[in-house]
$ cat structure.cif   # mmCIF, N, CA and C atoms
data_upload
#
loop_
_atom_site.label_atom_id
_atom_site.label_comp_id
_atom_site.auth_asym_id
_atom_site.auth_seq_id
_atom_site.Cartn_x
_atom_site.Cartn_y
_atom_site.Cartn_z
N MET A 519 85.68 94.70 132.03
CA MET A 519 86.94 95.02 131.39
C MET A 519 86.69 95.96 130.21
N ILE A 520 87.49 97.01 130.12
CA ILE A 520 87.32 97.94 129.01
C ILE A 520 88.35 97.64 127.92
N GLY A 521 87.95 97.88 126.69
CA GLY A 521 88.83 97.62 125.56
C GLY A 521 89.72 98.81 125.28
N PRO A 522 90.61 98.66 124.30
CA PRO A 522 91.55 99.73 123.99
C PRO A 522 90.88 101.03 123.51
N PHE A 523 89.79 100.91 122.76
CA PHE A 523 89.10 102.11 122.29
C PHE A 523 88.49 102.87 123.46
N GLN A 524 87.81 102.14 124.35
CA GLN A 524 87.22 102.79 125.52
C GLN A 524 88.30 103.43 126.38
N GLU A 525 89.43 102.77 126.50
CA GLU A 525 90.52 103.31 127.31
C GLU A 525 91.06 104.61 126.70
N ILE A 526 91.26 104.61 125.41
CA ILE A 526 91.79 105.81 124.75
C ILE A 526 90.80 106.97 124.84
N ILE A 527 89.52 106.72 124.59
CA ILE A 527 88.57 107.84 124.65
C ILE A 527 88.35 108.29 126.10
N PHE A 528 88.50 107.39 127.06
CA PHE A 528 88.43 107.79 128.46
C PHE A 528 89.59 108.73 128.79
N GLU A 529 90.81 108.36 128.35
CA GLU A 529 91.99 109.22 128.57
C GLU A 529 91.82 110.56 127.86
N LEU A 530 91.31 110.52 126.63
CA LEU A 530 91.06 111.74 125.86
C LEU A 530 90.05 112.62 126.60
N GLY A 531 89.01 112.01 127.11
CA GLY A 531 87.99 112.74 127.86
C GLY A 531 88.56 113.42 129.09
N LYS A 532 89.46 112.75 129.79
CA LYS A 532 90.09 113.37 130.95
C LYS A 532 90.89 114.59 130.54
N LEU A 533 91.62 114.50 129.43
CA LEU A 533 92.41 115.64 128.95
C LEU A 533 91.51 116.80 128.51
N PHE A 534 90.37 116.49 127.90
CA PHE A 534 89.45 117.52 127.41
C PHE A 534 88.41 117.92 128.46
N ARG A 535 88.44 117.26 129.61
CA ARG A 535 87.45 117.47 130.69
C ARG A 535 86.03 117.21 130.20
N LEU A 536 85.88 116.07 129.51
CA LEU A 536 84.59 115.62 128.99
C LEU A 536 84.38 114.17 129.38
N LYS A 537 83.12 113.77 129.52
CA LYS A 537 82.81 112.36 129.71
C LYS A 537 82.58 111.77 128.32
N LEU A 538 83.52 110.96 127.86
CA LEU A 538 83.41 110.34 126.54
C LEU A 538 83.19 108.85 126.70
N HIS A 539 82.33 108.33 125.87
CA HIS A 539 82.07 106.88 125.86
C HIS A 539 81.54 106.48 124.50
N PRO A 540 81.74 105.22 124.13
CA PRO A 540 81.22 104.76 122.84
C PRO A 540 79.70 104.65 122.88
N ASP A 541 79.08 104.91 121.73
CA ASP A 541 77.63 104.76 121.63
C ASP A 541 77.27 103.31 121.30
N ALA A 542 76.03 103.08 120.93
CA ALA A 542 75.54 101.72 120.67
C ALA A 542 76.25 101.04 119.51
N VAL A 543 76.78 101.81 118.55
CA VAL A 543 77.48 101.22 117.42
C VAL A 543 79.00 101.25 117.60
N GLY A 544 79.46 101.68 118.77
CA GLY A 544 80.89 101.67 119.06
C GLY A 544 81.64 102.90 118.59
N ALA A 545 80.94 103.99 118.34
CA ALA A 545 81.57 105.24 117.92
C ALA A 545 81.44 106.27 119.04
N CYS A 546 82.23 107.30 118.95
CA CYS A 546 82.15 108.40 119.91
C CYS A 546 82.20 109.70 119.12
N SER A 547 81.20 110.54 119.30
CA SER A 547 81.13 111.82 118.58
C SER A 547 81.37 112.96 119.56
N ILE A 548 82.18 113.92 119.10
CA ILE A 548 82.51 115.08 119.94
C ILE A 548 82.12 116.33 119.17
N LEU A 549 81.28 117.16 119.79
CA LEU A 549 80.88 118.44 119.20
C LEU A 549 81.95 119.47 119.51
N ILE A 550 82.49 120.08 118.46
CA ILE A 550 83.44 121.16 118.59
C ILE A 550 82.69 122.44 118.19
N PRO A 551 82.34 123.28 119.17
CA PRO A 551 81.56 124.47 118.83
C PRO A 551 82.26 125.33 117.79
N PRO A 552 81.54 125.96 116.88
CA PRO A 552 80.10 126.09 116.93
C PRO A 552 79.33 124.93 116.28
N GLU A 553 79.92 124.19 115.31
CA GLU A 553 79.08 123.19 114.64
C GLU A 553 79.82 121.97 114.10
N LEU A 554 81.08 121.82 114.40
CA LEU A 554 81.84 120.69 113.88
C LEU A 554 81.65 119.48 114.79
N ILE A 555 81.33 118.35 114.20
CA ILE A 555 81.22 117.10 114.96
C ILE A 555 82.28 116.15 114.43
N VAL A 556 83.14 115.68 115.33
CA VAL A 556 84.18 114.72 114.97
C VAL A 556 83.79 113.37 115.54
N GLN A 557 83.75 112.38 114.68
CA GLN A 557 83.42 111.03 115.09
C GLN A 557 84.68 110.19 115.17
N LEU A 558 84.82 109.44 116.24
CA LEU A 558 85.94 108.51 116.43
C LEU A 558 85.36 107.10 116.44
N GLN A 559 86.03 106.19 115.74
CA GLN A 559 85.52 104.82 115.67
C GLN A 559 86.65 103.89 115.26
N LEU A 560 86.60 102.66 115.74
CA LEU A 560 87.58 101.65 115.33
C LEU A 560 87.14 100.98 114.04
N ASP A 561 88.12 100.48 113.28
CA ASP A 561 87.79 99.68 112.11
C ASP A 561 87.30 98.31 112.60
N SER A 562 86.79 97.51 111.68
CA SER A 562 86.22 96.22 112.06
C SER A 562 87.26 95.26 112.65
N ALA A 563 88.51 95.39 112.25
CA ALA A 563 89.57 94.54 112.79
C ALA A 563 90.10 95.07 114.13
N GLN A 564 89.64 96.24 114.53
CA GLN A 564 90.04 96.91 115.76
C GLN A 564 91.55 97.16 115.82
N GLU A 565 92.09 97.56 114.66
CA GLU A 565 93.51 97.87 114.56
C GLU A 565 93.76 99.34 114.27
N LYS A 566 92.76 100.04 113.74
CA LYS A 566 92.91 101.45 113.38
C LYS A 566 91.79 102.27 113.99
N LEU A 567 92.14 103.49 114.38
CA LEU A 567 91.16 104.44 114.87
C LEU A 567 90.89 105.43 113.75
N PHE A 568 89.62 105.61 113.42
CA PHE A 568 89.21 106.55 112.39
C PHE A 568 88.70 107.83 113.03
N LEU A 569 89.07 108.96 112.45
CA LEU A 569 88.49 110.26 112.79
C LEU A 569 87.77 110.72 111.54
N PHE A 570 86.58 111.26 111.72
CA PHE A 570 85.76 111.68 110.59
C PHE A 570 84.98 112.94 110.97
N ALA A 571 84.89 113.89 110.04
CA ALA A 571 84.08 115.09 110.26
C ALA A 571 83.48 115.56 108.94
N LYS A 572 82.18 115.86 108.96
CA LYS A 572 81.56 116.54 107.81
C LYS A 572 81.90 118.01 107.97
N ILE A 573 82.43 118.60 106.91
CA ILE A 573 82.91 119.98 106.99
C ILE A 573 81.83 120.99 106.59
N ALA A 574 81.31 120.85 105.39
CA ALA A 574 80.33 121.82 104.90
C ALA A 574 79.60 121.26 103.69
N GLU A 575 78.38 121.73 103.51
CA GLU A 575 77.62 121.36 102.32
C GLU A 575 78.17 122.14 101.13
N LEU A 576 78.26 121.45 99.99
CA LEU A 576 78.73 122.07 98.75
C LEU A 576 77.61 121.99 97.72
N PRO A 577 76.90 123.08 97.51
CA PRO A 577 75.82 123.05 96.53
C PRO A 577 76.38 122.85 95.12
N PRO A 578 75.58 122.26 94.22
CA PRO A 578 76.05 122.06 92.85
C PRO A 578 76.46 123.37 92.19
N GLY A 579 77.45 123.26 91.31
CA GLY A 579 77.88 124.44 90.56
C GLY A 579 79.39 124.59 90.54
N LYS A 580 79.81 125.70 89.98
CA LYS A 580 81.24 125.97 89.80
C LYS A 580 81.99 126.05 91.13
N PHE A 581 81.35 126.61 92.17
CA PHE A 581 82.00 126.71 93.47
C PHE A 581 82.36 125.32 94.00
N ARG A 582 81.42 124.39 93.90
CA ARG A 582 81.70 123.01 94.36
C ARG A 582 82.85 122.42 93.56
N GLU A 583 82.85 122.62 92.24
CA GLU A 583 83.93 122.10 91.41
C GLU A 583 85.28 122.66 91.87
N ASN A 584 85.31 123.96 92.15
CA ASN A 584 86.56 124.59 92.58
C ASN A 584 87.03 124.07 93.95
N VAL A 585 86.09 123.91 94.87
CA VAL A 585 86.44 123.38 96.20
C VAL A 585 86.98 121.97 96.07
N LEU A 586 86.32 121.15 95.26
CA LEU A 586 86.78 119.77 95.11
C LEU A 586 88.15 119.70 94.42
N LEU A 587 88.39 120.58 93.48
CA LEU A 587 89.71 120.65 92.85
C LEU A 587 90.77 121.02 93.88
N GLU A 588 90.49 122.01 94.70
CA GLU A 588 91.44 122.42 95.74
C GLU A 588 91.63 121.33 96.79
N SER A 589 90.58 120.58 97.08
CA SER A 589 90.72 119.50 98.06
C SER A 589 91.60 118.38 97.51
N LEU A 590 91.51 118.12 96.20
CA LEU A 590 92.41 117.13 95.59
C LEU A 590 93.86 117.60 95.68
N LYS A 591 94.08 118.88 95.45
CA LYS A 591 95.43 119.43 95.57
C LYS A 591 95.94 119.29 97.01
N ALA A 592 95.07 119.57 97.97
CA ALA A 592 95.45 119.45 99.38
C ALA A 592 95.79 118.00 99.73
N ASN A 593 95.05 117.06 99.17
CA ASN A 593 95.31 115.64 99.44
C ASN A 593 96.63 115.17 98.85
N SER A 594 97.14 115.88 97.85
CA SER A 594 98.38 115.45 97.20
C SER A 594 99.62 116.08 97.82
N ARG A 595 99.44 116.88 98.86
CA ARG A 595 100.60 117.46 99.54
C ARG A 595 101.40 116.35 100.21
N PRO A 596 102.68 116.60 100.45
CA PRO A 596 103.49 115.56 101.11
C PRO A 596 103.04 115.32 102.55
N ASP A 597 103.31 114.13 103.02
CA ASP A 597 103.01 113.79 104.41
C ASP A 597 103.85 114.62 105.35
N PRO A 598 103.41 114.86 106.53
CA PRO A 598 102.22 114.29 107.15
C PRO A 598 100.97 115.12 106.82
N LEU A 599 99.92 114.43 106.41
CA LEU A 599 98.63 115.06 106.18
C LEU A 599 97.81 114.92 107.46
N LEU A 600 97.15 115.98 107.85
CA LEU A 600 96.33 115.93 109.05
C LEU A 600 94.98 115.28 108.79
N GLY A 601 94.67 115.09 107.52
CA GLY A 601 93.42 114.45 107.14
C GLY A 601 93.32 114.39 105.63
N ILE A 602 92.45 113.52 105.17
CA ILE A 602 92.17 113.36 103.74
C ILE A 602 90.78 113.93 103.49
N LEU A 603 90.69 114.82 102.52
CA LEU A 603 89.41 115.41 102.17
C LEU A 603 88.68 114.52 101.18
N GLY A 604 87.38 114.43 101.34
CA GLY A 604 86.56 113.63 100.44
C GLY A 604 85.19 114.27 100.27
N TYR A 605 84.46 113.78 99.32
CA TYR A 605 83.13 114.32 99.01
C TYR A 605 82.10 113.22 99.22
N ILE A 606 81.05 113.54 99.97
CA ILE A 606 79.94 112.60 100.20
C ILE A 606 78.80 113.02 99.28
N HIS A 607 78.70 112.35 98.16
CA HIS A 607 77.75 112.73 97.11
C HIS A 607 76.29 112.76 97.56
N PRO A 608 75.79 111.72 98.26
CA PRO A 608 74.35 111.74 98.59
C PRO A 608 73.91 112.95 99.42
N ILE A 609 74.83 113.53 100.19
CA ILE A 609 74.46 114.68 101.02
C ILE A 609 75.20 115.95 100.63
N ASN A 610 75.97 115.90 99.53
CA ASN A 610 76.70 117.06 99.01
C ASN A 610 77.60 117.73 100.06
N HIS A 611 78.36 116.94 100.79
CA HIS A 611 79.22 117.48 101.84
C HIS A 611 80.69 117.17 101.58
N LEU A 612 81.53 118.14 101.90
CA LEU A 612 82.96 117.91 101.98
C LEU A 612 83.22 117.33 103.35
N ALA A 613 84.09 116.32 103.42
CA ALA A 613 84.38 115.66 104.70
C ALA A 613 85.89 115.52 104.86
N LEU A 614 86.30 115.33 106.09
CA LEU A 614 87.70 115.11 106.41
C LEU A 614 87.80 113.78 107.15
N PHE A 615 88.80 112.99 106.80
CA PHE A 615 88.96 111.65 107.33
C PHE A 615 90.43 111.40 107.63
N GLN A 616 90.69 110.64 108.66
CA GLN A 616 92.06 110.21 108.95
C GLN A 616 92.00 108.92 109.75
N SER A 617 93.02 108.09 109.62
CA SER A 617 93.10 106.87 110.43
C SER A 617 94.50 106.77 111.02
N TYR A 618 94.56 106.18 112.20
CA TYR A 618 95.81 105.98 112.91
C TYR A 618 95.85 104.56 113.46
N PRO A 619 97.03 103.93 113.43
CA PRO A 619 97.13 102.61 114.05
C PRO A 619 96.84 102.72 115.55
N LEU A 620 95.97 101.89 116.03
CA LEU A 620 95.59 101.91 117.44
C LEU A 620 96.80 101.65 118.34
N SER A 621 97.74 100.86 117.83
CA SER A 621 98.91 100.47 118.63
C SER A 621 99.81 101.64 119.01
N ILE A 622 99.74 102.76 118.29
CA ILE A 622 100.63 103.89 118.59
C ILE A 622 99.93 104.96 119.44
N LEU A 623 98.65 104.75 119.75
CA LEU A 623 97.86 105.80 120.39
C LEU A 623 97.71 105.62 121.90
N ASN A 624 97.67 106.74 122.55
CA ASN A 624 97.18 106.84 123.93
C ASN A 624 96.38 108.15 123.95
N GLY A 625 95.83 108.50 125.09
CA GLY A 625 94.99 109.70 125.15
C GLY A 625 95.73 110.96 124.78
N GLU A 626 96.95 111.12 125.27
CA GLU A 626 97.71 112.34 125.00
C GLU A 626 98.10 112.46 123.53
N ARG A 627 98.56 111.37 122.94
CA ARG A 627 98.94 111.40 121.53
C ARG A 627 97.71 111.67 120.66
N LEU A 628 96.59 111.04 121.00
CA LEU A 628 95.36 111.27 120.25
C LEU A 628 94.92 112.72 120.38
N ALA A 629 95.06 113.31 121.56
CA ALA A 629 94.69 114.71 121.75
C ALA A 629 95.50 115.62 120.84
N ASN A 630 96.79 115.34 120.70
CA ASN A 630 97.63 116.13 119.80
C ASN A 630 97.21 115.97 118.34
N LEU A 631 96.94 114.75 117.92
CA LEU A 631 96.50 114.50 116.55
C LEU A 631 95.12 115.10 116.31
N PHE A 632 94.28 115.00 117.30
CA PHE A 632 92.91 115.51 117.23
C PHE A 632 92.92 117.02 117.00
N GLY A 633 93.82 117.72 117.67
CA GLY A 633 93.90 119.17 117.51
C GLY A 633 94.20 119.59 116.09
N GLY A 634 95.16 118.94 115.46
CA GLY A 634 95.48 119.25 114.06
C GLY A 634 94.34 118.91 113.12
N PHE A 635 93.67 117.80 113.40
CA PHE A 635 92.53 117.38 112.59
C PHE A 635 91.42 118.42 112.66
N VAL A 636 91.09 118.85 113.86
CA VAL A 636 90.03 119.85 114.06
C VAL A 636 90.42 121.18 113.41
N GLU A 637 91.67 121.58 113.56
CA GLU A 637 92.13 122.83 112.96
C GLU A 637 91.98 122.79 111.44
N THR A 638 92.33 121.66 110.84
CA THR A 638 92.19 121.50 109.39
C THR A 638 90.73 121.58 108.97
N ALA A 639 89.87 120.84 109.67
CA ALA A 639 88.44 120.84 109.34
C ALA A 639 87.85 122.24 109.49
N GLU A 640 88.19 122.91 110.57
CA GLU A 640 87.66 124.25 110.81
C GLU A 640 88.15 125.26 109.77
N SER A 641 89.40 125.15 109.36
CA SER A 641 89.90 126.09 108.36
C SER A 641 89.15 125.91 107.03
N TRP A 642 88.87 124.68 106.65
CA TRP A 642 88.10 124.44 105.43
C TRP A 642 86.65 124.91 105.60
N ARG A 643 86.05 124.64 106.75
CA ARG A 643 84.67 125.04 106.99
C ARG A 643 84.54 126.56 106.91
N LYS A 644 85.43 127.27 107.56
CA LYS A 644 85.37 128.74 107.55
C LYS A 644 85.61 129.29 106.15
N ALA A 645 86.54 128.70 105.41
CA ALA A 645 86.81 129.16 104.05
C ALA A 645 85.57 128.99 103.18
N ILE A 646 84.96 127.82 103.24
CA ILE A 646 83.77 127.53 102.42
C ILE A 646 82.63 128.46 102.80
N GLN A 647 82.42 128.65 104.10
CA GLN A 647 81.33 129.52 104.54
C GLN A 647 81.56 130.97 104.12
N SER A 648 82.82 131.36 103.92
CA SER A 648 83.09 132.73 103.49
C SER A 648 83.22 132.84 101.96
N GLY A 649 82.94 131.75 101.25
CA GLY A 649 82.95 131.79 99.79
C GLY A 649 84.29 131.52 99.14
N GLN A 650 85.27 131.08 99.92
CA GLN A 650 86.59 130.74 99.36
C GLN A 650 86.64 129.25 99.04
N ASN A 651 87.39 128.88 97.99
CA ASN A 651 87.48 127.46 97.63
C ASN A 651 88.55 126.73 98.42
N THR A 652 89.36 127.42 99.17
CA THR A 652 90.40 126.77 99.96
C THR A 652 90.79 127.71 101.10
N PRO A 653 91.24 127.15 102.21
CA PRO A 653 91.73 128.03 103.28
C PRO A 653 92.98 128.78 102.84
N ILE A 654 93.16 129.97 103.36
CA ILE A 654 94.37 130.73 103.09
C ILE A 654 95.49 130.15 103.95
N PRO A 655 96.60 129.74 103.33
CA PRO A 655 97.71 129.23 104.15
C PRO A 655 98.17 130.29 105.14
N LYS A 656 98.53 129.87 106.34
CA LYS A 656 98.96 130.80 107.38
C LYS A 656 100.09 131.70 106.90
N SER A 657 100.96 131.14 106.09
CA SER A 657 102.10 131.94 105.62
C SER A 657 101.67 133.08 104.69
N GLN A 658 100.46 132.98 104.11
CA GLN A 658 99.96 134.02 103.21
C GLN A 658 98.91 134.90 103.87
N SER A 659 98.56 134.60 105.09
CA SER A 659 97.53 135.35 105.79
C SER A 659 98.06 136.73 106.19
N PRO A 660 97.23 137.76 106.07
CA PRO A 660 97.68 139.09 106.47
C PRO A 660 97.90 139.20 107.98
N PHE A 661 97.41 138.22 108.76
CA PHE A 661 97.57 138.27 110.21
C PHE A 661 98.94 137.78 110.66
N PHE A 662 99.67 137.16 109.75
CA PHE A 662 100.99 136.66 110.08
C PHE A 662 102.03 137.48 109.32
N GLU A 663 102.57 138.47 109.99
CA GLU A 663 103.56 139.33 109.34
C GLU A 663 104.94 138.73 109.49
N ARG A 664 105.73 138.88 108.46
CA ARG A 664 107.12 138.45 108.52
C ARG A 664 107.96 139.61 109.02
N ARG A 665 108.78 139.31 109.98
CA ARG A 665 109.66 140.35 110.52
C ARG A 665 111.10 140.03 110.15
N PRO A 666 111.89 141.09 109.87
CA PRO A 666 113.28 140.85 109.47
C PRO A 666 114.10 140.26 110.61
#

$ encode --input "structure.cif" --output "structure tokens"
Amino acid sequence: MIGPFQEIIFELGKLFRLKLHPDAVGACSILIPPELIVQLQLDSAQEKLFLFAKIAELPPGKFRENVLLESLKANSRPDPLLGILGYIHPINHLALFQSYPLSILNGERLANLFGGFVETAESWRKAIQSGQNTPIPKSQSPFFERRP
């Protein structure tokens, strides 16, 4: 008999055309090329599904301070937030985290939530790698022109 977590990641795997299964500690990691790894795992009460991704290393200095300040601002935006940004001090990494009640999830719903989570993580990763302290909002990007 498979549990709810295995069932959801099996459904997610079918949608993504991947074979997904929990590892020895009950987590499932998905590599999103080129380098983002998203980990899915249940909480100890098996009521919430956690999504987690390390975004980028932040070396000490003013740049790290600015990125962390911008991440706090991003965390204070009104809901719905696609993820909560945090800092992992021992490894100097910015990370993205989100949790969802297991009771509202199925493979398709998780796939939709997963897409927004990955998009958020990737936008922060690309911004940091290009030396920016925050992603450029789509509305301010030169690639999105406003037409009358």

$ atom_distance --input "structure.cif" --atom1 "atom C of A:Gly601" --atom2 "atom C of A:Asp541"
25.0 Å

$ residues_around --input "structure.cif" --residues "A:Asn593" --least-positions-apart "3" --cutoff "12 Å" --atoms "only C-alpha atoms" --output "list of chain:residue names"
A:Leu586, A:Leu587, A:Glu588, A:Ser589, A:Leu590, A:Pro596, A:Asp597, A:Pro598, A:Leu599, A:Leu600, A:Gly601, A:Ile602, A:Leu603, A:Gly604, A:Leu614, A:Phe615, A:Gln616, A:Thr638

$ resolve_selection --input "structure.cif" --expression "the PyMOL selection byres ((chain A and resi 552-568) around 5)" --output "JSON, numbers by chain"
{"A": [545, 546, 547, 548, 549, 550, 551, 569, 570, 571, 616, 617, 618, 619, 620]}

$ atom_distance --input "structure.cif" --atom1 "atom N of A:Glu583" --atom2 "atom N of A:Phe632"
28.6 Å

$ closest_residue --input "structure.cif" --among "A:Leu612, A:Lys572, A:Phe581, A:Asn624" --to "A:Ile527" --atoms "all atoms listed in the file"
A:Asn624

$ atom_distance --input "structure.cif" --atom1 "atom CA of A:Ser621" --atom2 "atom CA of A:Gly521"
12.6 Å

$ select_by_dssp --input "structure.cif" --residues "chain A" --states "strand (DSSP E)" --output "VMD selection string"
chain A and resid 545 to 550 554 to 560 566 to 575 602 to 606 611 to 619

$ select_by_dssp --input "structure.cif" --residues "chain A" --states "alpha helix (DSSP H)" --output "VMD selection string"
chain A and resid 522 to 534 580 to 593 625 to 647

$ write_last_selection --input "structure.cif" --atoms "N, CA and C atoms" --output "compact mmCIF listing (two decimals), in the coordinates of the input"
# COMPACT_ATOMS: atom_id res chain seq x y z
N PRO A 522 90.61 98.66 124.30
CA PRO A 522 91.55 99.73 123.99
C PRO A 522 90.88 101.03 123.51
N PHE A 523 89.79 100.91 122.76
CA PHE A 523 89.10 102.11 122.29
C PHE A 523 88.49 102.87 123.46
N GLN A 524 87.81 102.14 124.35
CA GLN A 524 87.22 102.79 125.52
C GLN A 524 88.30 103.43 126.38
N GLU A 525 89.43 102.77 126.50
CA GLU A 525 90.52 103.31 127.31
C GLU A 525 91.06 104.61 126.70
N ILE A 526 91.26 104.61 125.41
CA ILE A 526 91.79 105.81 124.75
C ILE A 526 90.80 106.97 124.84
N ILE A 527 89.52 106.72 124.59
CA ILE A 527 88.57 107.84 124.65
C ILE A 527 88.35 108.29 126.10
N PHE A 528 88.50 107.39 127.06
CA PHE A 528 88.43 107.79 128.46
C PHE A 528 89.59 108.73 128.79
N GLU A 529 90.81 108.36 128.35
CA GLU A 529 91.99 109.22 128.57
C GLU A 529 91.82 110.56 127.86
N LEU A 530 91.31 110.52 126.63
CA LEU A 530 91.06 111.74 125.86
C LEU A 530 90.05 112.62 126.60
N GLY A 531 89.01 112.01 127.11
CA GLY A 531 87.99 112.74 127.86
C GLY A 531 88.56 113.42 129.09
N LYS A 532 89.46 112.75 129.79
CA LYS A 532 90.09 113.37 130.95
C LYS A 532 90.89 114.59 130.54
N LEU A 533 91.62 114.50 129.43
CA LEU A 533 92.41 115.64 128.95
C LEU A 533 91.51 116.80 128.51
N PHE A 534 90.37 116.49 127.90
CA PHE A 534 89.45 117.52 127.41
C PHE A 534 88.41 117.92 128.46
N LYS A 580 79.81 125.70 89.98
CA LYS A 580 81.24 125.97 89.80
C LYS A 580 81.99 126.05 91.13
N PHE A 581 81.35 126.61 92.17
CA PHE A 581 82.00 126.71 93.47
C PHE A 581 82.36 125.32 94.00
N ARG A 582 81.42 124.39 93.90
CA ARG A 582 81.70 123.01 94.36
C ARG A 582 82.85 122.42 93.56
N GLU A 583 82.85 122.62 92.24
CA GLU A 583 83.93 122.10 91.41
C GLU A 583 85.28 122.66 91.87
N ASN A 584 85.31 123.96 92.15
CA ASN A 584 86.56 124.59 92.58
C ASN A 584 87.03 124.07 93.95
N VAL A 585 86.09 123.91 94.87
CA VAL A 585 86.44 123.38 96.20
C VAL A 585 86.98 121.97 96.07
N LEU A 586 86.32 121.15 95.26
CA LEU A 586 86.78 119.77 95.11
C LEU A 586 88.15 119.70 94.42
N LEU A 587 88.39 120.58 93.48
CA LEU A 587 89.71 120.65 92.85
C LEU A 587 90.77 121.02 93.88
N GLU A 588 90.49 122.01 94.70
CA GLU A 588 91.44 122.42 95.74
C GLU A 588 91.63 121.33 96.79
N SER A 589 90.58 120.58 97.08
CA SER A 589 90.72 119.50 98.06
C SER A 589 91.60 118.38 97.51
N LEU A 590 91.51 118.12 96.20
CA LEU A 590 92.41 117.13 95.59
C LEU A 590 93.86 117.60 95.68
N LYS A 591 94.08 118.88 95.45
CA LYS A 591 95.43 119.43 95.57
C LYS A 591 95.94 119.29 97.01
N ALA A 592 95.07 119.57 97.97
CA ALA A 592 95.45 119.45 99.38
C ALA A 592 95.79 118.00 99.73
N ASN A 593 95.05 117.06 99.17
CA ASN A 593 95.31 115.64 99.44
C ASN A 593 96.63 115.17 98.85
N GLY A 625 95.83 108.50 125.09
CA GLY A 625 94.99 109.70 125.15
C GLY A 625 95.73 110.96 124.78
N GLU A 626 96.95 111.12 125.27
CA GLU A 626 97.71 112.34 125.00
C GLU A 626 98.10 112.46 123.53
N ARG A 627 98.56 111.37 122.94
CA ARG A 627 98.94 111.40 121.53
C ARG A 627 97.71 111.67 120.66
N LEU A 628 96.59 111.04 121.00
CA LEU A 628 95.36 111.27 120.25
C LEU A 628 94.92 112.72 120.38
N ALA A 629 95.06 113.31 121.56
CA ALA A 629 94.69 114.71 121.75
C ALA A 629 95.50 115.62 120.84
N ASN A 630 96.79 115.34 120.70
CA ASN A 630 97.63 116.13 119.80
C ASN A 630 97.21 115.97 118.34
N LEU A 631 96.94 114.75 117.92
CA LEU A 631 96.50 114.50 116.55
C LEU A 631 95.12 115.10 116.31
N PHE A 632 94.28 115.00 117.30
CA PHE A 632 92.91 115.51 117.23
C PHE A 632 92.92 117.02 117.00
N GLY A 633 93.82 117.72 117.67
CA GLY A 633 93.90 119.17 117.51
C GLY A 633 94.20 119.59 116.09
N GLY A 634 95.16 118.94 115.46
CA GLY A 634 95.48 119.25 114.06
C GLY A 634 94.34 118.91 113.12
N PHE A 635 93.67 117.80 113.40
CA PHE A 635 92.53 117.38 112.59
C PHE A 635 91.42 118.42 112.66
N VAL A 636 91.09 118.85 113.86
CA VAL A 636 90.03 119.85 114.06
C VAL A 636 90.42 121.18 113.41
N GLU A 637 91.67 121.58 113.56
CA GLU A 637 92.13 122.83 112.96
C GLU A 637 91.98 122.79 111.44
N THR A 638 92.33 121.66 110.84
CA THR A 638 92.19 121.50 109.39
C THR A 638 90.73 121.58 108.97
N ALA A 639 89.87 120.84 109.67
CA ALA A 639 88.44 120.84 109.34
C ALA A 639 87.85 122.24 109.49
N GLU A 640 88.19 122.91 110.57
CA GLU A 640 87.66 124.25 110.81
C GLU A 640 88.15 125.26 109.77
N SER A 641 89.40 125.15 109.36
CA SER A 641 89.90 126.09 108.36
C SER A 641 89.15 125.91 107.03
N TRP A 642 88.87 124.68 106.65
CA TRP A 642 88.10 124.44 105.43
C TRP A 642 86.65 124.91 105.60
N ARG A 643 86.05 124.64 106.75
CA ARG A 643 84.67 125.04 106.99
C ARG A 643 84.54 126.56 106.91
N LYS A 644 85.43 127.27 107.56
CA LYS A 644 85.37 128.74 107.55
C LYS A 644 85.61 129.29 106.15
N ALA A 645 86.54 128.70 105.41
CA ALA A 645 86.81 129.16 104.05
C ALA A 645 85.57 128.99 103.18
N ILE A 646 84.96 127.82 103.24
CA ILE A 646 83.77 127.53 102.42
C ILE A 646 82.63 128.46 102.80
N GLN A 647 82.42 128.65 104.10
CA GLN A 647 81.33 129.52 104.54
C GLN A 647 81.56 130.97 104.12

$ closest_residue --input "structure.cif" --among "A:Gly531, A:Val636, A:Asn584, A:Leu576" --to "A:Gln650" --atoms "all atoms listed in the file"
A:Asn584
